[in-house]
Amino acid sequence: MSETLNQGGGSLYASRVKIHPKTVSGPFRRAKDVIGGVLAAVFFLAPWLRWDRPGAAPDQAIMLDPIGQRGWFFGLEIWPQEVYYLAGVLIIGVLALFMTASLAGRVWCGFSCPQTVFTDLFIRVERLFEGERAARIRLDKAPMSLNKLARRSGKHAVWLLISLAFGATVSFYMADAPTTLMGYLTLDAPLWLAGFALTFAGTTYLLAGFAREQFCNYMCPWPRIQSAMLDDNSLVVTYQDWRGDGRGAKRKSQTWEERRAAGLGDCIDCGQCVQACPIGIDIRDGVNADCINCGLCIDACDSIMTTVGRPQRLIRFDSFANARARTESRPEPTRLMRPRSMVYMAVLAVLAVGLSGVYLSRTTLAVTALKERSPLFVTLADGTIRNTYTLKVHNKEREPRRLELTLADALPGMSLSMLGSDGTATEDFGTVEVGPDGIASLRLFVQAPLAETRPPETILLVRDAETGRVLERSLMFSWPDA
C-alpha cells in the first residue's frame, strides 16, 4: 500500500504545518495570563518556602526526598510505607479532572496544563525576538542572514534558560533547594540530581519549543479520554452556525440586511479565529477533540464582531443541548448541576474525608511482633519450651520512645528475655528505648515450663512507657504436640 501511495505522490504521514498563533486580547487571554502566571509563580517559589523541623530533617516546606525516603508537605510527613496517601491524592486529582471535563471540556488543557503554560511562555519569547505572526512567517521563509541568526539565537538562548530553570526547580523538590542551587553553581551537585534536572530541562525545551500542539494532538491521551466525559450539557467552545452561516466576506457598501437576503450570516470569513488558535483548528468546522477550550478564538472573533457592529459571542462556550435549542429557536438552559456532576462531587467528598480520616488516625509509633516459624519452638535442656519473636518498632517521631514489654496472664515459670548487643539473652531489661526517626528490630524469647495447662492466648504485651497504651499483642505460643 505504501508503494502505491508513494507512486501517487502521497504519504502515510502528514507533514507538520508550523503554527504561528496570533496575539489577541480579551477576557480569556487575560484569564490565561493570570492563571498561568499564578501557577508558574507557585511552582518556582514553593521549593524556597521554609519549615522548621527538628533534628537533621531538611527545613523545606514541600519536598519529596528519595535519598532520605521521606515526603514533606508543610507539617505533614509521609514515609515510604505510606505511599498510599500519595496514591489517594492522585486518585482524587484524576476524579476532579474527570468532573471538570464533564462540566467544561478541556479547560484544564487550555488554562492549567504545564504543556500549555510553558508553550504559551515560549511563544511570548518567540514573539519578543521575531515579531508578530506575519513577521514570524516571513522570517521562516527568509534565507539565513545575520538578522535571522541573531533573532533565532536570542530566542533559543532564552528558551534554554527557561528550560534549565524548570529542570532545576523540579530537582529542588527532591533535595534542599538552597544547598542544591549552590551545588549547581559550584559544579558540586550530585550527579543523579543534575541528570534529573537536565532531563526535565531537555524535555521542556523540546516539547514547549518544538512539539507544542503535536504533543497535545498525538502524545497526550487526555483528548481521547475526555471525549467520553462529555455529554449534551458540557460547556465547550462552539461556533454558533445558526447565526454565522453562510459565510462570506463583507463589502463596506453591503448592509447586513442585504447579507441576510443573500443567505449570508454574521461570519465574514476573516479567519481570525483560526489564526488565534494555538492548536491550529477551525472551530467553525464543529466541536473538535483537539480543541483545548482556551477561548482565544472567542476573543479574536469578539473583536471582529465589535469592529463590524455585530453582537459578540459568535463563538462561545456553550453546550450541545443549548446550541441545538438555539438552532430550533427554543430555550433550553444548560444544566451544570446534573446527576453525573453530583455523583462526581459525592465520590470526591467521600474520598477526601476518608483519606483525611485515615491520615489523622495514623500512629507515629508502629509495633509488630513476628513469630519465628522455623522452628516453631525449641525444647531446652531443662525441659522448658521457648518461642522466638522478632519485634519490629517503627518510630516516626523526632524524639526517642520507650517501650515496656511484659507477659500478660503468664503461667508460673514463664519468662521473657531479650537478646542483647553482646549476643546473650537477659531478663532484666525493664524498658526498651527506640531511637528517633527510625526502625528498630528486637529479638525476644518467651519460655514456659512444659505442663498440661497451656497459657492463655495473649502472651506478649508491648506498651508505650509514657502513656501506657498497648501497641501490640502476640497471640500465638507454640507447644509440642500432645
# chains A, B, ... in the order shown; residues from 1 in each chain; ligands from 1
>>> residues_around(residues="Ser319 (chain A)", least_positions_apart="6", cutoff="6 Å", atoms="only C-alpha atoms", output="PyMOL selection string")
chain A and resi 233-235
>>> write_last_selection(atoms="N, CA, C and O atoms", output="compact mmCIF listing (two decimals), in the first residue's frame")
# COMPACT_ATOMS: atom_id res chain seq x y z
N ASN A 233 -24.77 18.48 28.08
CA ASN A 233 -24.78 19.69 28.91
C ASN A 233 -23.38 20.19 29.26
O ASN A 233 -23.24 21.11 30.07
N SER A 234 -22.34 19.58 28.69
CA SER A 234 -20.98 20.04 28.94
C SER A 234 -20.71 21.32 28.15
O SER A 234 -21.11 21.45 26.99
N LEU A 235 -20.05 22.26 28.80
CA LEU A 235 -19.71 23.53 28.13
C LEU A 235 -18.42 23.36 27.33
O LEU A 235 -17.38 23.02 27.89
>>> select_by_dssp(residues="region 313-422 of chain A", states="helix (DSSP H, G or I)", output="ChimeraX atom specification")
/A:320-327,339-360
>>> write_last_selection(atoms="N, CA, C and O atoms", output="short mmCIF file (atom, residue, chain, number, x, y, z; two decimals), in the first residue's frame")
data_model
loop_
_atom_site.label_atom_id
_atom_site.label_comp_id
_atom_site.auth_asym_id
_atom_site.auth_seq_id
_atom_site.Cartn_x
_atom_site.Cartn_y
_atom_site.Cartn_z
N PHE A 320 -23.98 21.34 23.88
CA PHE A 320 -24.62 20.79 22.68
C PHE A 320 -26.13 20.98 22.76
O PHE A 320 -26.78 21.31 21.77
N ALA A 321 -26.67 20.78 23.96
CA ALA A 321 -28.13 20.91 24.12
C ALA A 321 -28.58 22.34 23.86
O ALA A 321 -29.59 22.57 23.17
N ASN A 322 -27.84 23.29 24.36
CA ASN A 322 -28.22 24.69 24.18
C ASN A 322 -28.04 25.12 22.73
O ASN A 322 -28.86 25.87 22.18
N ALA A 323 -26.95 24.66 22.09
CA ALA A 323 -26.73 25.01 20.68
C ALA A 323 -27.85 24.44 19.81
O ALA A 323 -28.33 25.09 18.88
N ARG A 324 -28.26 23.21 20.12
CA ARG A 324 -29.36 22.60 19.37
C ARG A 324 -30.65 23.37 19.59
O ARG A 324 -31.43 23.58 18.65
N ALA A 325 -30.88 23.81 20.83
CA ALA A 325 -32.10 24.57 21.12
C ALA A 325 -32.10 25.91 20.40
O ALA A 325 -33.14 26.36 19.90
N ARG A 326 -30.93 26.57 20.33
CA ARG A 326 -30.85 27.84 19.62
C ARG A 326 -31.16 27.66 18.13
O ARG A 326 -31.81 28.49 17.51
N THR A 327 -30.66 26.57 17.57
CA THR A 327 -30.92 26.30 16.16
C THR A 327 -32.42 26.14 15.91
O THR A 327 -32.95 26.57 14.87
N PRO A 339 -27.09 14.81 37.44
CA PRO A 339 -26.72 13.61 38.21
C PRO A 339 -25.24 13.25 38.09
O PRO A 339 -24.61 12.89 39.09
N ARG A 340 -24.67 13.35 36.89
CA ARG A 340 -23.26 13.00 36.73
C ARG A 340 -22.38 13.89 37.59
O ARG A 340 -21.45 13.41 38.27
N SER A 341 -22.65 15.21 37.58
CA SER A 341 -21.85 16.14 38.37
C SER A 341 -21.97 15.84 39.86
O SER A 341 -20.97 15.87 40.59
N MET A 342 -23.19 15.56 40.31
CA MET A 342 -23.39 15.30 41.74
C MET A 342 -22.72 13.99 42.16
O MET A 342 -22.22 13.88 43.28
N VAL A 343 -22.69 12.99 41.28
CA VAL A 343 -22.00 11.73 41.60
C VAL A 343 -20.50 11.99 41.74
O VAL A 343 -19.86 11.50 42.69
N TYR A 344 -19.93 12.75 40.81
CA TYR A 344 -18.51 13.09 40.92
C TYR A 344 -18.22 13.81 42.24
O TYR A 344 -17.26 13.49 42.94
N MET A 345 -19.03 14.79 42.58
CA MET A 345 -18.82 15.54 43.80
C MET A 345 -18.94 14.65 45.03
O MET A 345 -18.16 14.78 45.98
N ALA A 346 -19.93 13.75 45.03
CA ALA A 346 -20.11 12.87 46.17
C ALA A 346 -18.91 11.93 46.33
O ALA A 346 -18.41 11.73 47.45
N VAL A 347 -18.44 11.35 45.23
CA VAL A 347 -17.29 10.45 45.30
C VAL A 347 -16.05 11.21 45.77
O VAL A 347 -15.28 10.71 46.61
N LEU A 348 -15.84 12.42 45.25
CA LEU A 348 -14.70 13.22 45.68
C LEU A 348 -14.78 13.54 47.17
O LEU A 348 -13.77 13.48 47.89
N ALA A 349 -15.97 13.90 47.65
CA ALA A 349 -16.13 14.22 49.07
C ALA A 349 -15.84 13.00 49.94
O ALA A 349 -15.14 13.10 50.95
N VAL A 350 -16.35 11.84 49.55
CA VAL A 350 -16.12 10.62 50.33
C VAL A 350 -14.63 10.28 50.36
O VAL A 350 -14.06 9.96 51.43
N LEU A 351 -13.96 10.36 49.21
CA LEU A 351 -12.53 10.05 49.17
C LEU A 351 -11.72 11.04 50.00
O LEU A 351 -10.80 10.66 50.73
N ALA A 352 -12.05 12.32 49.88
CA ALA A 352 -11.30 13.34 50.62
C ALA A 352 -11.47 13.16 52.13
O ALA A 352 -10.50 13.21 52.89
N VAL A 353 -12.72 12.94 52.58
CA VAL A 353 -12.97 12.75 54.01
C VAL A 353 -12.32 11.45 54.49
O VAL A 353 -11.69 11.41 55.56
N GLY A 354 -12.43 10.40 53.70
CA GLY A 354 -11.83 9.13 54.09
C GLY A 354 -10.32 9.21 54.20
O GLY A 354 -9.72 8.72 55.16
N LEU A 355 -9.67 9.84 53.20
CA LEU A 355 -8.22 9.97 53.22
C LEU A 355 -7.76 10.83 54.39
O LEU A 355 -6.77 10.52 55.07
N SER A 356 -8.50 11.90 54.67
CA SER A 356 -8.16 12.76 55.81
C SER A 356 -8.32 12.00 57.12
O SER A 356 -7.47 12.11 58.02
N GLY A 357 -9.38 11.22 57.24
CA GLY A 357 -9.58 10.44 58.45
C GLY A 357 -8.50 9.42 58.68
O GLY A 357 -8.02 9.24 59.81
N VAL A 358 -8.10 8.73 57.61
CA VAL A 358 -7.04 7.74 57.73
C VAL A 358 -5.74 8.40 58.17
O VAL A 358 -5.00 7.88 59.03
N TYR A 359 -5.45 9.57 57.59
CA TYR A 359 -4.20 10.25 57.96
C TYR A 359 -4.24 10.73 59.41
O TYR A 359 -3.26 10.58 60.15
N LEU A 360 -5.36 11.32 59.82
CA LEU A 360 -5.45 11.85 61.19
C LEU A 360 -5.41 10.75 62.24
O LEU A 360 -5.00 10.98 63.38
#
>>> select_by_dssp(residues="region 232-437 of chain A", states="strand (DSSP E or B)", output="PyMOL selection string")
chain A and resi 236-239+315-318+365-371+378-379+385-395+401-407+415-419+425-426+431-434
>>> closest_residue(among="A:Glu82, A:Asp65, A:Asp59, A:Asp269", to="Asp245 (chain A)", atoms="only C-alpha atoms")
A:Asp269
>>> closest_residue(among="A:Ser163, A:Thr23, A:Thr204, A:Thr384", to="Leu128 (chain A)", atoms="only C-alpha atoms")
A:Thr23
>>> closest_residue(among="A:Arg138, A:Arg70, A:Lys22, A:His156", to="Ala175 (chain A)", atoms="only C-alpha atoms")
A:Arg70
>>> closest_residue(among="A:Val107, A:Ile268, A:Leu139, A:Ala440", to="Phe28 (chain A)", atoms="only C-alpha atoms")
A:Val107
